[in-house]
Structures are given as C-alpha cells and as structure tokens.
Amino acid sequence: MRKIIAALQVSLDGFIEGEDVELDWVESWGDCFDLAPRIDACLLGARMYPAYEGYWTAILANPVAVLENTGRRPAPEEIEYADFAARTPHYVLSNSLDEVGWAHTTILHDLSQVRELKRSEGKAIHAVGGASLVSSLLKAGLLDELQLVVHPVLLGAGKPLFEPLPERHWLRANGVKQLPGGRVKLDYLCS
C-alpha cells in the first residue's frame, strides 16, 4: 500500500498562510523538494489547487520573472520542481470542481477514492495541502507521515495548520533537521 505524506510550511505560531493569504514569509519552497524521489503523485485540496497550478505554471512559462505571491524570482530548485510537477500526476479532492485545466490532473470526489488511490501500485503520494485536506486525511486515518518546515516568524493571524480535530492524534517523531535561516524541518509518523 502506498503512503500519503503531507509536507507543509508553517509559521512558529501555527499558520500556513498570513491573514491576507500572503506567503512572502516562506523563504524557500525547496525545503520539501527532497520528497520528490519518494513520490509519483500529488494530492491537493480544491481550494489550494488553483494557486498551486498557477504558481508552478508561471515558473515554467517564465523562470526568470518575479512571482506575484512571493515577490522574488524562483530559485533553481523551484524551476526544477516546476518541471517535475508538470509531468507528475495530480489528484484534486473536491466535491465542487467538475474540471481542471492542468494536464495529468484528476478530480477525486470523496475520501473513498483517495483510499483506492492509496491501495494502487506506485510510490508515495505527496499531500501538498491545504489545511482542510490534511485535516481530512488525518481524521480518516489516511495520512502516514507529516513533514513540517517551521519558519521563525510569528504571523499573529492567518490560516491555521489544522482545522479543529474531533480527537487527539498522537504522532511519532521520525526526524528533525535544522535548515538555513533558522527554519526547522520536523518529520512525524502518523500511524
């Protein structure tokens, strides 16, 4: 059975984006790219999909342009990941979307289809986000690993990492790595 691995950027006070949906505090998306050799599919929530697809498509279209949501040019590893993302199958969990425009993208309408995907042959599946998707996977017992890149910033408000959970979920530490700029990568096993 395939594993589902969530890898997310988070502020020290537990937010995955600022109050105005800003992500300018994320120094590098590359902190999670080491996951690429372990995966052969990506899973996204319906609310995250448009921004994700737009971000990586924009990098492929013009790899030297300043990106609107970060205010900087993409790093070389982001350009490499954009190419990886363009050729990797993506699945969007949604009960509202009827179609998606990105090649190699399939809509899954409920968690039973995610369960079927997990049972299929292949490498691990990267749960890219957002918070609703990761919370749903955790509640359903479908999340196997949670990687968090914690940034040394207090946003004060924004979108929390998790939606309210109906019960406690104990995780097991699987690794800690200190990154440049004061970031720390935490790796937990969920089951």
# chains A, B, ... in the order shown; residues from 1 in each chain; ligands from 1

$ closest_atom_pairs --of "stretch 94-179 of chain A" --to "stretch 37-42 of chain A" --cutoff "8 Å" --atoms "only C-alpha atoms" --output "JSON lines"
{"residue": "A:Gly122", "atom": "CA", "partner": "A:Asp40", "partner_atom": "CA", "distance": 6.9}
{"residue": "A:Lys123", "atom": "CA", "partner": "A:Ile39", "partner_atom": "CA", "distance": 5.1}
{"residue": "A:Ala124", "atom": "CA", "partner": "A:Ile39", "partner_atom": "CA", "distance": 4.5}
{"residue": "A:Ile125", "atom": "CA", "partner": "A:Ala41", "partner_atom": "CA", "distance": 4.9}
{"residue": "A:His126", "atom": "CA", "partner": "A:Cys42", "partner_atom": "CA", "distance": 4.6}
{"residue": "A:Ala127", "atom": "CA", "partner": "A:Cys42", "partner_atom": "CA", "distance": 5.9}
{"residue": "A:Val128", "atom": "CA", "partner": "A:Cys42", "partner_atom": "CA", "distance": 6.5}

$ write_last_selection --atoms "C-alpha atoms" --output "PDB file, in the first residue's frame"
ATOM      1  CA  GLY A 122       3.249   3.151  -7.015  1.00  0.00           C
ATOM      2  CA  LYS A 123       5.448   5.284  -4.825  1.00  0.00           C
ATOM      3  CA  ALA A 124       4.197   7.525  -2.042  1.00  0.00           C
ATOM      4  CA  ILE A 125       1.676  10.316  -2.650  1.00  0.00           C
ATOM      5  CA  HIS A 126       2.541  13.876  -1.608  1.00  0.00           C
ATOM      6  CA  ALA A 127      -0.384  15.599   0.112  1.00  0.00           C
ATOM      7  CA  VAL A 128       0.574  19.131  -0.868  1.00  0.00           C
TER       8      VAL A 128
END

$ closest_residue --among "A:Ala85, A:Val114, A:Leu154, A:Val149" --to "A:Lys3" --atoms "only C-alpha atoms"
A:Val114

$ select_by_dssp --residues "stretch 53-177 of chain A" --states "strand (DSSP E or B)" --output "number ranges by chain"
A: 90-93, 105-108, 124-129, 145-151, 158-160, 172-177

$ atom_distance --atom1 "atom CA of A:Gly14" --atom2 "atom CA of A:His90"
26.4 Å

$ select_by_dssp --residues "stretch 55-87 of chain A" --states "alpha helix (DSSP H)" --output "list in words"
Tyr55, Trp56, Thr57, Ala58, Ile59, Leu60, Ala61, Pro76, Glu77, Glu78, Ile79, Glu80, Tyr81, Ala82, Asp83, Phe84, Ala85, Ala86 and Arg87 of chain A

$ write_last_selection --atoms "N, CA and C atoms" --output "PDB file, in the first residue's frame"
ATOM      1  N   TYR A  55       1.019  28.838  -9.743  1.00  0.00           N
ATOM      2  CA  TYR A  55       2.390  29.137  -9.313  1.00  0.00           C
ATOM      3  C   TYR A  55       3.407  28.375 -10.157  1.00  0.00           C
ATOM      4  N   TRP A  56       3.230  27.053 -10.252  1.00  0.00           N
ATOM      5  CA  TRP A  56       4.210  26.229 -10.973  1.00  0.00           C
ATOM      6  C   TRP A  56       4.123  26.449 -12.478  1.00  0.00           C
ATOM      7  N   THR A  57       2.942  26.709 -13.007  1.00  0.00           N
ATOM      8  CA  THR A  57       2.789  27.010 -14.425  1.00  0.00           C
ATOM      9  C   THR A  57       3.482  28.330 -14.766  1.00  0.00           C
ATOM     10  N   ALA A  58       3.351  29.321 -13.892  1.00  0.00           N
ATOM     11  CA  ALA A  58       4.003  30.617 -14.109  1.00  0.00           C
ATOM     12  C   ALA A  58       5.520  30.469 -14.146  1.00  0.00           C
ATOM     13  N   ILE A  59       6.063  29.636 -13.291  1.00  0.00           N
ATOM     14  CA  ILE A  59       7.516  29.412 -13.282  1.00  0.00           C
ATOM     15  C   ILE A  59       7.962  28.769 -14.593  1.00  0.00           C
ATOM     16  N   LEU A  60       7.213  27.780 -15.060  1.00  0.00           N
ATOM     17  CA  LEU A  60       7.569  27.140 -16.325  1.00  0.00           C
ATOM     18  C   LEU A  60       7.460  28.111 -17.496  1.00  0.00           C
ATOM     19  N   ALA A  61       6.454  28.963 -17.459  1.00  0.00           N
ATOM     20  CA  ALA A  61       6.244  29.909 -18.558  1.00  0.00           C
ATOM     21  C   ALA A  61       7.343  30.972 -18.619  1.00  0.00           C
ATOM     22  N   PRO A  76      16.603  28.082  -8.404  1.00  0.00           N
ATOM     23  CA  PRO A  76      16.826  26.977  -9.350  1.00  0.00           C
ATOM     24  C   PRO A  76      16.078  25.689  -8.983  1.00  0.00           C
ATOM     25  N   GLU A  77      16.020  25.377  -7.700  1.00  0.00           N
ATOM     26  CA  GLU A  77      15.311  24.149  -7.294  1.00  0.00           C
ATOM     27  C   GLU A  77      13.801  24.265  -7.510  1.00  0.00           C
ATOM     28  N   GLU A  78      13.269  25.488  -7.478  1.00  0.00           N
ATOM     29  CA  GLU A  78      11.852  25.687  -7.770  1.00  0.00           C
ATOM     30  C   GLU A  78      11.564  25.489  -9.257  1.00  0.00           C
ATOM     31  N   ILE A  79      12.487  25.914 -10.093  1.00  0.00           N
ATOM     32  CA  ILE A  79      12.334  25.699 -11.537  1.00  0.00           C
ATOM     33  C   ILE A  79      12.363  24.204 -11.844  1.00  0.00           C
ATOM     34  N   GLU A  80      13.265  23.499 -11.188  1.00  0.00           N
ATOM     35  CA  GLU A  80      13.352  22.043 -11.356  1.00  0.00           C
ATOM     36  C   GLU A  80      12.067  21.366 -10.878  1.00  0.00           C
ATOM     37  N   TYR A  81      11.538  21.823  -9.731  1.00  0.00           N
ATOM     38  CA  TYR A  81      10.300  21.230  -9.220  1.00  0.00           C
ATOM     39  C   TYR A  81       9.116  21.551 -10.138  1.00  0.00           C
ATOM     40  N   ALA A  82       9.099  22.727 -10.725  1.00  0.00           N
ATOM     41  CA  ALA A  82       8.008  23.091 -11.647  1.00  0.00           C
ATOM     42  C   ALA A  82       7.948  22.101 -12.800  1.00  0.00           C
ATOM     43  N   ASP A  83       9.104  21.694 -13.297  1.00  0.00           N
ATOM     44  CA  ASP A  83       9.156  20.687 -14.360  1.00  0.00           C
ATOM     45  C   ASP A  83       8.651  19.338 -13.851  1.00  0.00           C
ATOM     46  N   PHE A  84       9.068  18.967 -12.642  1.00  0.00           N
ATOM     47  CA  PHE A  84       8.609  17.728 -12.012  1.00  0.00           C
ATOM     48  C   PHE A  84       7.082  17.752 -11.849  1.00  0.00           C
ATOM     49  N   ALA A  85       6.562  18.873 -11.356  1.00  0.00           N
ATOM     50  CA  ALA A  85       5.112  18.997 -11.134  1.00  0.00           C
ATOM     51  C   ALA A  85       4.338  18.897 -12.440  1.00  0.00           C
ATOM     52  N   ALA A  86       4.887  19.456 -13.510  1.00  0.00           N
ATOM     53  CA  ALA A  86       4.187  19.454 -14.799  1.00  0.00           C
ATOM     54  C   ALA A  86       4.033  18.051 -15.382  1.00  0.00           C
ATOM     55  N   ARG A  87       4.927  17.138 -15.015  1.00  0.00           N
ATOM     56  CA  ARG A  87       4.841  15.787 -15.567  1.00  0.00           C
ATOM     57  C   ARG A  87       4.355  14.736 -14.567  1.00  0.00           C
TER      58      ARG A  87
END

$ closest_atom_pairs --of "stretch 6-93 of chain A" --to "stretch 139-144 of chain A" --cutoff "12 Å" --atoms "only C-alpha atoms" --output "tab-separated table"
residue	atom	partner	partner_atom	distance
A:Ala6	CA	A:Leu143	CA	7.4
A:Ala7	CA	A:Leu143	CA	11.0
A:Leu43	CA	A:Leu143	CA	11.5

$ write_last_selection --atoms "C-alpha atoms" --output "PDB file, in the first residue's frame"
ATOM      1  CA  ALA A   6       1.958  15.727   3.840  1.00  0.00           C
ATOM      2  CA  ALA A   7       4.738  18.320   3.686  1.00  0.00           C
ATOM      3  CA  LEU A  43      -2.837  15.262  -3.861  1.00  0.00           C
TER       4      LEU A  43
END

$ closest_residue --among "A:Leu189, A:Ile5, A:Ile107, A:Val134" --to "A:Ala36" --atoms "only C-alpha atoms"
A:Ile5
